[in-house]
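Below: data-v6.txt (compact mmCIF, C-alpha atoms and all ligand atoms)
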# COMPACT_ATOMS: atom_id res chain seq x y z
CA MET A 120 19.56 -14.00 -11.36
CA ILE A 121 20.91 -12.53 -8.13
CA VAL A 122 18.08 -11.08 -6.03
CA LEU A 123 18.31 -8.77 -3.02
CA GLY A 124 15.40 -9.33 -0.63
CA ILE A 125 14.21 -6.65 1.79
CA GLU A 126 11.80 -7.25 4.69
CA THR A 127 10.51 -4.55 7.09
CA SER A 128 6.87 -5.54 7.70
CA CYS A 129 7.03 -5.76 11.50
CA ASP A 130 9.90 -5.54 13.98
CA ASP A 131 12.80 -7.11 12.04
CA THR A 132 14.88 -5.08 9.59
CA ALA A 133 16.16 -7.72 7.17
CA ALA A 134 18.06 -8.03 3.89
CA ALA A 135 19.31 -11.12 2.08
CA VAL A 136 20.90 -12.11 -1.22
CA LEU A 137 19.81 -15.24 -3.06
CA ASP A 138 20.69 -16.76 -6.43
CA ALA A 139 20.34 -20.10 -8.21
CA SER A 140 22.86 -21.66 -5.80
CA GLY A 141 20.79 -20.67 -2.74
CA VAL A 142 21.03 -18.10 0.05
CA ARG A 143 24.30 -16.12 -0.18
CA SER A 144 23.64 -13.83 2.76
CA ASP A 145 20.84 -13.40 5.27
CA VAL A 146 20.99 -10.45 7.69
CA VAL A 147 18.31 -9.82 10.33
CA TRP A 148 18.42 -6.89 12.76
CA SER A 149 15.77 -7.62 15.39
CA GLN A 150 14.37 -4.53 17.10
CA ALA A 151 14.80 -5.40 20.77
CA LEU A 152 13.48 -1.93 21.69
CA HIS A 153 9.86 -3.19 21.76
CA ALA A 154 10.43 -5.68 24.60
CA LYS A 155 9.84 -3.14 27.37
CA TYR A 156 6.41 -2.24 25.90
CA GLY A 157 5.23 -5.87 25.80
CA GLY A 158 4.49 -5.67 22.06
CA VAL A 159 5.51 -3.94 18.84
CA VAL A 160 5.02 -0.14 18.84
CA PRO A 161 4.36 0.70 15.15
CA GLU A 162 5.83 4.20 15.06
CA LEU A 163 9.01 3.11 16.83
CA ALA A 164 9.31 0.17 14.43
CA SER A 165 9.11 2.48 11.38
CA ARG A 166 11.76 4.82 12.76
CA ALA A 167 14.10 1.96 13.64
CA HIS A 168 13.70 0.48 10.13
CA ALA A 169 14.58 3.86 8.60
CA GLU A 170 17.67 4.09 10.80
CA GLN A 171 18.91 0.55 10.14
CA ILE A 172 17.95 -0.27 6.56
CA VAL A 173 21.05 1.12 4.84
CA ALA A 174 23.46 -0.70 7.16
CA VAL A 175 21.48 -3.95 6.95
CA VAL A 176 21.38 -3.91 3.12
CA ARG A 177 25.11 -3.01 2.94
CA ALA A 178 25.90 -5.95 5.24
CA ALA A 179 23.86 -8.36 3.10
CA LEU A 180 25.57 -7.22 -0.12
CA ALA A 181 29.04 -7.36 1.47
CA GLU A 182 28.47 -10.84 2.88
CA ALA A 183 27.29 -12.04 -0.55
CA GLY A 184 30.34 -10.39 -2.18
CA ILE A 185 28.37 -8.24 -4.63
CA ASP A 186 28.03 -4.49 -5.30
CA ARG A 187 24.53 -4.64 -6.72
CA PRO A 188 21.91 -7.32 -7.40
CA ASP A 189 20.15 -8.08 -10.71
CA ALA A 190 16.75 -7.41 -9.09
CA ILE A 191 15.18 -6.40 -5.77
CA ALA A 192 12.30 -8.18 -4.03
CA VAL A 193 10.65 -6.28 -1.19
CA THR A 194 7.80 -7.02 1.21
CA ALA A 195 4.86 -4.84 0.08
CA GLY A 196 2.44 -6.19 2.75
CA PRO A 197 0.65 -7.37 4.78
CA GLY A 198 2.08 -5.71 7.87
CA LEU A 199 2.42 -2.43 9.72
CA MET A 200 1.85 0.22 7.05
CA GLY A 201 4.61 2.59 8.15
CA ALA A 202 7.09 -0.25 8.53
CA VAL A 203 6.32 -1.76 5.12
CA LEU A 204 6.65 1.69 3.53
CA VAL A 205 10.23 2.09 4.75
CA GLY A 206 11.37 -1.05 2.91
CA LEU A 207 9.28 -0.28 -0.16
CA ALA A 208 10.56 3.31 -0.46
CA PHE A 209 14.12 2.09 -0.02
CA ALA A 210 13.62 -0.60 -2.69
CA LYS A 211 12.24 1.97 -5.16
CA ALA A 212 15.16 4.32 -4.57
CA ALA A 213 17.73 1.51 -4.90
CA SER A 214 15.98 0.28 -8.03
CA ILE A 215 16.40 3.72 -9.65
CA GLY A 216 19.95 4.16 -8.35
CA TRP A 217 21.19 0.78 -9.56
CA GLY A 218 18.99 0.66 -12.66
CA VAL A 219 17.56 -2.76 -11.70
CA PRO A 220 13.90 -3.89 -11.46
CA PHE A 221 12.05 -4.37 -8.18
CA ILE A 222 9.04 -6.51 -7.32
CA GLY A 223 6.67 -6.27 -4.34
CA VAL A 224 6.22 -9.58 -2.50
CA ASN A 225 3.49 -10.79 -0.14
CA HIS A 226 5.05 -11.51 3.27
CA LEU A 227 2.70 -14.47 3.80
CA GLU A 228 3.77 -16.03 0.53
CA GLY A 229 7.34 -15.72 1.79
CA HIS A 230 6.49 -17.91 4.81
CA LEU A 231 4.26 -20.16 2.69
CA LEU A 232 7.06 -21.12 0.30
CA SER A 233 10.07 -20.77 2.62
CA GLY A 234 10.38 -24.56 2.80
CA LEU A 235 11.10 -24.61 -0.93
CA MET A 236 14.48 -22.96 -0.33
CA GLU A 237 15.76 -26.36 0.86
CA PRO A 238 13.03 -28.63 -0.46
CA VAL A 239 14.59 -32.06 -0.13
CA VAL A 240 13.33 -34.60 2.41
CA ASP A 241 15.14 -37.94 2.68
CA GLY A 242 16.84 -37.25 -0.65
CA VAL A 243 13.55 -36.64 -2.51
CA ALA A 244 12.47 -33.19 -3.75
CA VAL A 245 9.09 -31.83 -2.71
CA ALA A 246 6.59 -31.59 -5.60
CA TYR A 247 3.26 -29.86 -6.23
CA PRO A 248 0.61 -30.32 -4.98
CA PHE A 249 1.73 -30.04 -1.37
CA LEU A 250 0.32 -28.64 1.87
CA SER A 251 1.80 -25.56 3.49
CA LEU A 252 1.12 -24.55 7.06
CA VAL A 253 1.79 -20.89 7.91
CA ILE A 254 1.87 -20.28 11.66
CA SER A 255 3.09 -16.81 12.65
CA GLY A 256 2.21 -13.94 14.97
CA GLY A 257 -0.61 -12.76 12.72
CA HIS A 258 -1.63 -15.81 10.67
CA THR A 259 -2.49 -19.46 11.13
CA THR A 260 -3.58 -21.06 7.87
CA LEU A 261 -3.16 -24.44 6.19
CA TYR A 262 -2.99 -24.12 2.39
CA ARG A 263 -3.18 -26.63 -0.42
CA VAL A 264 -0.56 -25.49 -2.95
CA GLU A 265 -1.10 -26.35 -6.63
CA GLY A 266 1.68 -24.16 -8.01
CA LEU A 267 3.24 -20.70 -7.67
CA GLY A 268 0.40 -18.31 -6.77
CA ARG A 269 -2.20 -21.09 -6.63
CA TYR A 270 -3.10 -21.44 -2.96
CA GLY A 271 -6.36 -22.80 -1.58
CA THR A 272 -7.21 -22.35 2.11
CA VAL A 273 -7.89 -25.73 3.74
CA SER A 274 -8.19 -24.65 7.38
CA GLU A 275 -7.52 -21.46 9.30
CA THR A 276 -7.92 -19.94 12.73
CA VAL A 277 -11.20 -18.13 13.31
CA ASP A 278 -9.64 -15.96 16.04
CA ASP A 279 -6.09 -15.80 17.47
CA ALA A 280 -3.03 -16.84 15.48
CA ILE A 281 -0.80 -19.44 17.16
CA GLY A 282 2.09 -17.00 17.70
CA GLU A 283 -0.37 -14.51 19.20
CA ALA A 284 -1.71 -17.15 21.61
CA TYR A 285 1.87 -17.96 22.68
CA ASP A 286 2.60 -14.27 23.22
CA LYS A 287 -0.56 -13.86 25.35
CA VAL A 288 0.14 -16.92 27.48
CA ALA A 289 3.72 -15.67 27.95
CA ARG A 290 2.37 -12.33 29.13
CA MET A 291 0.07 -14.05 31.67
CA LEU A 292 3.11 -15.89 33.02
CA GLY A 293 5.32 -12.77 32.98
CA LEU A 294 7.72 -14.28 30.45
CA GLY A 295 8.23 -11.14 28.33
CA TYR A 296 7.79 -10.41 24.62
CA PRO A 297 7.95 -12.12 22.16
CA GLY A 298 6.75 -15.00 24.27
CA GLY A 299 6.84 -17.95 21.88
CA PRO A 300 10.43 -19.07 22.48
CA ALA A 301 10.07 -18.65 26.30
CA VAL A 302 6.86 -20.70 26.52
CA ASP A 303 8.40 -23.31 24.21
CA ALA A 304 11.51 -23.64 26.39
CA LEU A 305 9.48 -23.88 29.62
CA ALA A 306 7.09 -26.43 28.07
CA MET A 307 10.05 -28.73 27.46
CA GLN A 308 10.73 -28.78 31.23
CA GLY A 309 7.12 -29.30 32.30
CA ARG A 310 4.57 -32.10 32.41
CA GLN A 311 1.14 -32.18 30.86
CA THR A 312 -0.85 -32.02 34.09
CA VAL A 313 -3.87 -29.94 33.05
CA SER A 314 -6.38 -30.79 30.38
CA LEU A 315 -7.13 -27.85 28.07
CA PRO A 316 -9.64 -27.51 25.19
CA ARG A 317 -8.88 -28.49 21.59
CA PRO A 318 -11.77 -26.82 19.77
CA ARG A 319 -12.83 -27.86 16.30
CA LEU A 320 -15.12 -25.72 14.13
CA ALA A 321 -16.69 -27.08 10.98
CA ARG A 322 -15.43 -25.24 7.92
CA VAL A 323 -18.13 -24.73 5.28
CA GLY A 324 -17.37 -26.71 2.15
CA SER A 325 -14.21 -28.28 3.59
CA ALA A 326 -13.44 -31.76 4.87
CA VAL A 327 -10.98 -30.22 7.33
CA ASP A 328 -12.14 -28.26 10.37
CA ASP A 329 -11.05 -24.72 11.15
CA MET A 330 -8.95 -23.85 14.21
CA SER A 331 -9.49 -21.60 17.23
CA PHE A 332 -6.97 -20.62 19.91
CA SER A 333 -8.79 -17.87 21.78
CA GLY A 334 -10.70 -20.34 24.01
CA LEU A 335 -7.47 -22.17 24.79
CA LYS A 336 -5.82 -18.92 25.85
CA THR A 337 -8.82 -18.05 28.04
CA ALA A 338 -8.71 -21.54 29.61
CA VAL A 339 -5.09 -20.88 30.59
CA ARG A 340 -6.08 -17.53 32.12
CA THR A 341 -8.93 -19.13 34.11
CA LEU A 342 -6.61 -21.88 35.28
CA LEU A 343 -4.01 -19.38 36.50
CA GLU A 344 -6.68 -17.38 38.35
CA LYS A 345 -8.16 -20.47 40.03
CA ASP A 346 -5.01 -22.39 40.86
CA ARG A 347 -2.12 -20.12 41.76
CA GLY A 348 -0.01 -23.12 42.79
CA VAL A 349 0.21 -24.71 39.35
CA ALA A 350 3.79 -24.82 38.03
CA PRO A 351 4.36 -22.45 35.05
CA ALA A 352 6.29 -25.19 33.23
CA ASP A 353 3.30 -27.53 33.54
CA VAL A 354 0.96 -24.80 32.24
CA CYS A 355 3.26 -24.31 29.24
CA ALA A 356 3.55 -28.07 28.60
CA SER A 357 -0.24 -28.49 28.74
CA PHE A 358 -0.86 -25.45 26.51
CA GLN A 359 1.75 -26.57 23.98
CA ALA A 360 0.31 -30.11 23.89
CA ALA A 361 -3.11 -28.69 22.99
CA VAL A 362 -1.65 -26.52 20.19
CA VAL A 363 0.36 -29.45 18.80
CA ASP A 364 -2.71 -31.73 18.84
CA VAL A 365 -4.78 -29.22 16.85
CA VAL A 366 -2.07 -28.58 14.27
CA VAL A 367 -1.23 -32.26 13.81
CA ASP A 368 -4.93 -33.15 13.53
CA ARG A 369 -5.62 -30.62 10.73
CA VAL A 370 -2.47 -31.46 8.78
CA THR A 371 -2.94 -35.23 8.94
CA ARG A 372 -6.62 -34.92 8.07
CA ALA A 373 -5.87 -32.77 4.98
CA ALA A 374 -3.06 -35.12 3.93
CA HIS A 375 -5.45 -38.07 4.23
CA VAL A 376 -8.31 -36.38 2.35
CA TRP A 377 -6.18 -35.53 -0.70
CA GLY A 378 -3.55 -38.23 -0.47
CA ILE A 379 -0.81 -35.59 -0.18
CA ARG A 380 2.35 -36.51 1.73
CA ASP A 381 4.49 -33.37 1.33
CA VAL A 382 3.99 -30.66 3.95
CA LEU A 383 5.86 -27.35 4.21
CA VAL A 384 5.79 -25.40 7.47
CA GLY A 385 6.66 -21.72 7.89
CA GLY A 386 6.22 -18.67 10.15
CA GLY A 387 7.65 -17.88 13.58
CA ALA A 388 5.74 -20.63 15.43
CA ALA A 389 7.24 -23.20 13.05
CA ALA A 390 10.37 -22.75 15.19
CA ASN A 391 8.45 -24.36 18.08
CA GLU A 392 10.06 -27.58 19.31
CA GLY A 393 6.77 -29.22 20.25
CA ILE A 394 5.14 -28.44 16.90
CA ARG A 395 8.23 -29.60 15.00
CA ALA A 396 8.35 -32.89 16.91
CA GLY A 397 4.60 -33.43 16.55
CA LEU A 398 4.69 -32.91 12.79
CA ARG A 399 7.82 -35.05 12.36
CA ALA A 400 6.06 -37.89 14.18
CA THR A 401 3.18 -37.93 11.66
CA GLY A 402 5.26 -39.93 9.16
CA LEU A 403 4.45 -37.34 6.46
CA ARG A 404 7.30 -35.75 4.48
CA VAL A 405 7.52 -32.54 6.50
CA VAL A 406 9.84 -29.72 5.42
CA LEU A 407 10.86 -27.78 8.52
CA PRO A 408 13.07 -24.80 7.61
CA PRO A 409 15.93 -23.96 9.98
CA LYS A 410 14.55 -21.83 12.83
CA ARG A 411 16.03 -18.56 11.54
CA ARG A 412 14.09 -19.08 8.29
CA CYS A 413 10.83 -19.63 10.23
CA THR A 414 10.83 -16.22 11.90
CA ASP A 415 10.83 -13.10 9.73
CA ASN A 416 13.72 -12.90 7.29
CA ALA A 417 14.46 -11.43 3.87
CA ALA A 418 15.72 -14.66 2.24
CA MET A 419 12.11 -15.86 1.95
CA ILE A 420 11.16 -12.56 0.26
CA ALA A 421 14.09 -12.76 -2.20
CA HIS A 422 13.07 -16.38 -2.87
CA VAL A 423 9.45 -15.56 -3.81
CA GLY A 424 10.48 -12.48 -5.82
CA ARG A 425 12.99 -14.54 -7.76
CA LEU A 426 10.45 -17.31 -8.46
CA ARG A 427 7.90 -14.77 -9.70
CA LEU A 428 10.35 -12.85 -11.91
CA LEU A 429 11.62 -16.14 -13.40
CA ALA A 430 7.98 -17.16 -14.02
CA GLY A 431 7.58 -14.00 -16.12
CA GLN A 432 5.73 -11.71 -13.72
CA PRO A 433 6.48 -8.10 -14.71
CA ALA A 434 8.51 -5.97 -12.30
CA ASP A 435 6.65 -3.25 -10.39
CA GLY A 436 6.61 0.46 -11.21
CA LEU A 437 7.11 3.40 -8.87
CA THR A 438 3.35 3.63 -8.32
CA ARG A 439 3.42 0.30 -6.41
CA THR A 440 1.69 0.84 -3.06
CA ALA A 441 2.05 -0.91 0.29
CA GLU A 442 -0.87 -3.10 1.44
CA ALA A 443 -1.67 -3.33 5.15
CA ARG A 444 -3.96 -6.30 4.33
CA TRP A 445 -3.21 -8.66 1.46
CA ALA A 446 -4.42 -12.26 1.20
CA VAL A 447 -2.21 -14.62 -0.82
O1 LIG B 501 6.75 -15.04 11.43
P1 LIG B 501 7.06 -14.16 12.57
O2 LIG B 501 8.51 -13.88 12.88
O3 LIG B 501 6.36 -12.75 12.38
C1 LIG B 501 5.07 -12.65 11.84
O4 LIG B 501 4.95 -12.61 10.60
O5 LIG B 501 4.12 -12.65 12.67
O6 LIG B 501 6.32 -14.78 13.84
C2 LIG B 501 6.43 -14.18 15.10
C3 LIG B 501 5.62 -15.01 16.08
C4 LIG B 501 5.55 -14.42 17.47
O7 LIG B 501 4.20 -14.45 17.90
C5 LIG B 501 6.42 -15.37 18.29
O8 LIG B 501 6.02 -15.48 19.65
C6 LIG B 501 6.21 -16.68 17.56
O9 LIG B 501 6.20 -16.32 16.20
N1 LIG B 501 7.28 -17.65 17.84
C7 LIG B 501 7.07 -18.82 18.47
C8 LIG B 501 8.34 -19.42 18.62
N2 LIG B 501 9.28 -18.59 18.07
C9 LIG B 501 8.61 -17.49 17.60
N3 LIG B 501 5.94 -19.38 18.90
C10 LIG B 501 6.04 -20.59 19.50
N4 LIG B 501 7.22 -21.23 19.71
C11 LIG B 501 8.38 -20.68 19.29
N5 LIG B 501 9.54 -21.31 19.50
ZN ZN B 502 6.22 -13.19 9.37

In structure tokens, write the structure found in this file.
Ligand code: KG4
Ligand code: ZN
Amino acid sequence: MIVLGIETSCDDTAAAVLDASGVRSDVVWSQALHAKYGGVVPELASRAHAEQIVAVVRAALAEAGIDRPDAIAVTAGPGLMGAVLVGLAFAKAASIGWGVPFIGVNHLEGHLLSGLMEPVVDGVAVAYPFLSLVISGGHTTLYRVEGLGRYGTVSETVDDAIGEAYDKVARMLGLGYPGGPAVDALAMQGRQTVSLPRPRLARVGSAVDDMSFSGLKTAVRTLLEKDRGVAPADVCASFQAAVVDVVVDRVTRAAHVWGIRDVLVGGGAAANEGIRAGLRATGLRVVLPPKRRCTDNAAMIAHVGRLRLLAGQPADGLTRTAEARWAV
């Protein structure tokens, strides 16, 4: 089954083609227009998606060498409502035009299972149950995965997502938006000179604590206000070390509690060098997708849609709505 994936939930207009052999094309048009506003402007994002979607889908089909797919998988949420609607409306129209089914996919589930697109570590395939850590601009959750659609939350942030914390620290340092990659790069040049908090919050009914990054972000702000002489690279290195410690602690604890060794990681912050190195050093079997499959892309949407259609989930009808909020 050849599936066309479409993703327009935030500020990337993306289309990809995937079949049993893997990803055949993967096109992402990142909307640079938001940079000057310091964050994504929803209405501008919707308009840019509407302008770009036809060209992006055409490019994905051409690169894959096909005229039409067997099915379409499209992000139906969570995300910016207007932005999601552009992809969903396009998918419905294409579904009618080509006479092929379409299925709405949860964006978070795309990140959650993205590691399964290349699921082999040291020659051994990943198997259920495994852990999956989703760390993006809007979400930071560690899941225990029993099977397709069977996800239990093990630990999650009670306030800021990791990507959000990176973006806020970047803004304090005047590093632009999105700030994750800039803080990451600077952290690699700095030294861990400041000690910053690594909060742990008991999670009711769980052996693994929840996470919190808002206090860490505030500690960075206080530090910058008090000590104007501190080197930005050292601030970034110290901040990144705290984030890595928290993530590694929750993942290793969960792995220990359930005796699980396979860990998938997804979402934009999974592209972070410090987090990747920290997780690799745990000795667990960690699946780290290539960086372009960590940030928003349509291959992960095509992947989940294909898995669900193959598992027998019925295609969606034209009454399918977009969901601004949608837990996996
Ligand atoms: O998954 P994603 O592309 O979109 C969402 O679904 O949110 O994640 C975007 C987030 C942004 O907050 C961005 O700053 C962060 O991922 N990010 C990073 C890195 N690359 C992207 N955060 C830390 N280090 C990075 N290298
Ligand atoms: Zn995302």

Requested in this report: List all protein, DNA and RNA residues that have an atom no more than 6 Å from any atom of ligand LIG 501 (chain B), counting all atoms listed in the file, and report them as a list in words.
Outcome: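 I would give the residues around ligand LIG 501 (chain B) as Ser255, Gly256, Gly257, Gly282, Glu283, Tyr285, Asp286, Pro297, Gly298, Gly299, Pro300, Asp303, Gly386, Gly387, Ala388, Ala390, Asn391, Thr414 and Asp415 of chain A.
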
Please identify every residue of chain A that has at least one atom no farther than 10 Å from an atom of ligand ZN 502 (chain B), counting all atoms listed in the file, and for each give the shortest atom pair and the distance in Å to one decimal, arranged by chain then increasing number, as JSON lines.
{"residue": "A:Glu126", "atom": "CA", "partner": "B:ZN502", "partner_atom": "ZN", "distance": 9.4}
{"residue": "A:Thr127", "atom": "CA", "partner": "B:ZN502", "partner_atom": "ZN", "distance": 9.9}
{"residue": "A:Ser128", "atom": "CA", "partner": "B:ZN502", "partner_atom": "ZN", "distance": 7.9}
{"residue": "A:Cys129", "atom": "CA", "partner": "B:ZN502", "partner_atom": "ZN", "distance": 7.8}
{"residue": "A:Asp130", "atom": "CA", "partner": "B:ZN502", "partner_atom": "ZN", "distance": 9.7}
{"residue": "A:Asp131", "atom": "CA", "partner": "B:ZN502", "partner_atom": "ZN", "distance": 9.3}
{"residue": "A:Pro197", "atom": "CA", "partner": "B:ZN502", "partner_atom": "ZN", "distance": 9.3}
{"residue": "A:Gly198", "atom": "CA", "partner": "B:ZN502", "partner_atom": "ZN", "distance": 8.7}
{"residue": "A:His226", "atom": "CA", "partner": "B:ZN502", "partner_atom": "ZN", "distance": 6.4}
{"residue": "A:Leu227", "atom": "CA", "partner": "B:ZN502", "partner_atom": "ZN", "distance": 6.7}
{"residue": "A:Glu228", "atom": "CA", "partner": "B:ZN502", "partner_atom": "ZN", "distance": 9.6}
{"residue": "A:Gly229", "atom": "CA", "partner": "B:ZN502", "partner_atom": "ZN", "distance": 8.1}
{"residue": "A:His230", "atom": "CA", "partner": "B:ZN502", "partner_atom": "ZN", "distance": 6.6}
{"residue": "A:Leu231", "atom": "CA", "partner": "B:ZN502", "partner_atom": "ZN", "distance": 9.9}
{"residue": "A:Val253", "atom": "CA", "partner": "B:ZN502", "partner_atom": "ZN", "distance": 9.0}
{"residue": "A:Ile254", "atom": "CA", "partner": "B:ZN502", "partner_atom": "ZN", "distance": 8.6}
{"residue": "A:Ser255", "atom": "CA", "partner": "B:ZN502", "partner_atom": "ZN", "distance": 5.8}
{"residue": "A:Gly256", "atom": "CA", "partner": "B:ZN502", "partner_atom": "ZN", "distance": 6.9}
{"residue": "A:Gly257", "atom": "CA", "partner": "B:ZN502", "partner_atom": "ZN", "distance": 7.6}
{"residue": "A:His258", "atom": "CA", "partner": "B:ZN502", "partner_atom": "ZN", "distance": 8.4}
{"residue": "A:Gly385", "atom": "CA", "partner": "B:ZN502", "partner_atom": "ZN", "distance": 8.7}
{"residue": "A:Gly386", "atom": "CA", "partner": "B:ZN502", "partner_atom": "ZN", "distance": 5.5}
{"residue": "A:Gly387", "atom": "CA", "partner": "B:ZN502", "partner_atom": "ZN", "distance": 6.5}
{"residue": "A:Ala388", "atom": "CA", "partner": "B:ZN502", "partner_atom": "ZN", "distance": 9.6}
{"residue": "A:Arg412", "atom": "CA", "partner": "B:ZN502", "partner_atom": "ZN", "distance": 9.9}
{"residue": "A:Cys413", "atom": "CA", "partner": "B:ZN502", "partner_atom": "ZN", "distance": 8.0}
{"residue": "A:Thr414", "atom": "CA", "partner": "B:ZN502", "partner_atom": "ZN", "distance": 6.1}
{"residue": "A:Asp415", "atom": "CA", "partner": "B:ZN502", "partner_atom": "ZN", "distance": 4.6}
{"residue": "A:Asn416", "atom": "CA", "partner": "B:ZN502", "partner_atom": "ZN", "distance": 7.8}
{"residue": "A:Met419", "atom": "CA", "partner": "B:ZN502", "partner_atom": "ZN", "distance": 9.8}

Query raised in the report: CA of Asp138 in chain A and CA of Met120 in chain A, how far apart in Å?
Result: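 Those two atoms sit 5.8 Å apart.
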
Query - Counting only C-alpha atoms, the residue of A:Val302, A:Leu428, A:Val384, A:Val406 that sits nearest Glu237 in chain A - result: A:Val406

Excluding same-chain residues fewer than 5 positions from Arg177 in chain A, what lies within 12 Å of it counting all atoms listed in the file, as a short mmCIF file (atom, residue, chain, number, x, y, z; two decimals) with C-alpha atoms, in the coordinates of the input?
data_model
loop_
_atom_site.label_atom_id
_atom_site.label_comp_id
_atom_site.auth_asym_id
_atom_site.auth_seq_id
_atom_site.Cartn_x
_atom_site.Cartn_y
_atom_site.Cartn_z
CA LEU A 123 18.31 -8.77 -3.02
CA ILE A 125 14.21 -6.65 1.79
CA ALA A 133 16.16 -7.72 7.17
CA ALA A 134 18.06 -8.03 3.89
CA ALA A 135 19.31 -11.12 2.08
CA VAL A 136 20.90 -12.11 -1.22
CA SER A 144 23.64 -13.83 2.76
CA ASP A 145 20.84 -13.40 5.27
CA VAL A 146 20.99 -10.45 7.69
CA GLN A 171 18.91 0.55 10.14
CA ILE A 172 17.95 -0.27 6.56
CA GLU A 182 28.47 -10.84 2.88
CA ALA A 183 27.29 -12.04 -0.55
CA GLY A 184 30.34 -10.39 -2.18
CA ILE A 185 28.37 -8.24 -4.63
CA ASP A 186 28.03 -4.49 -5.30
CA ARG A 187 24.53 -4.64 -6.72
CA PRO A 188 21.91 -7.32 -7.40
CA ALA A 213 17.73 1.51 -4.90
#

Would you kindly return, as an mmCIF file with C-alpha atoms, keeping the file's coordinate frame, each protein, DNA or RNA residue with an atom no farther than 9 Å from any atom of range 337-347 of chain A, considering all atoms listed in the file and excluding same-chain residues fewer than 5 positions away?
data_model
loop_
_atom_site.group_PDB
_atom_site.id
_atom_site.type_symbol
_atom_site.label_atom_id
_atom_site.label_comp_id
_atom_site.auth_asym_id
_atom_site.auth_seq_id
_atom_site.Cartn_x
_atom_site.Cartn_y
_atom_site.Cartn_z
ATOM 1 C CA VAL A 288 0.140 -16.920 27.480
ATOM 2 C CA MET A 291 0.070 -14.050 31.670
ATOM 3 C CA LEU A 292 3.110 -15.890 33.020
ATOM 4 C CA VAL A 313 -3.870 -29.940 33.050
ATOM 5 C CA LEU A 315 -7.130 -27.850 28.070
ATOM 6 C CA PRO A 316 -9.640 -27.510 25.190
ATOM 7 C CA PHE A 332 -6.970 -20.620 19.910
ATOM 8 C CA VAL A 354 0.960 -24.800 32.240
ATOM 9 C CA PHE A 358 -0.860 -25.450 26.510
#

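Counting all atoms listed in the file and comparing A:Thr272, A:Met200, A:Ala167, A:Val159, the residue that lies closest to Arg322 in chain A is A:Thr272.
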
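Note that the spacing between CA of Ser314 in chain A and CA of Asp279 in chain A amounts to 19.8 Å.
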
Around range 329-340 of chain A, with edges along x, y and z and 8 Å added on all six sides, what centre and edge lengths do you get, in Å to one decimal, as lines of an AutoDock Vina configuration file?
center_x = -8.1
center_y = -21.1
center_z = 21.6
size_x = 22.0
size_y = 23.2
size_z = 37.0

Query raised in the report: Which of these residues is nearest to Val367 in chain A, using only C-alpha atoms: A:Lys410, A:Lys211, A:Arg399, A:Arg404?
Result: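 Result for the nearest residue to Val367 in chain A: A:Arg399.
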
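Excluding Leu204 in chain A itself and any same-chain residue fewer than 2 positions from it, the protein and nucleic acid residues within 9 Å of it, counting all atoms listed in the file, are Thr127, Ser128, Ser165, Ala195, Gly196, Leu199, Met200, Gly201, Ala202, Gly206, Leu207, Ala208, Phe209, Thr440 and Ala441 of chain A.
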
Report task. Provide the CA of Thr132 in chain A to CA of Thr276 in chain A distance in Å, to one decimal place. Result ->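 One can read the CA of Thr132 in chain A to CA of Thr276 in chain A distance as 27.4 Å.
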
Query raised in the report: Which one of A:Val142, A:Val349, A:Met330, A:Ala289 sits closest to Val273 in chain A if you count only C-alpha atoms?
Result: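 Closest to Val273 in chain A, using only C-alpha atoms: A:Met330.
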
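Proximity to Ala361 in chain A was assessed for A:Ala306, A:Ile222, A:Met236, A:Leu294 counting all atoms listed in the file; the smallest distance is recorded for A:Ala306.
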
**Report entry** Among the residues A:Val193, A:Val147, A:Val203, A:Leu235, the one that comes closest to Val175 in chain A [using only C-alpha atoms]
**Finding:** A:Val147
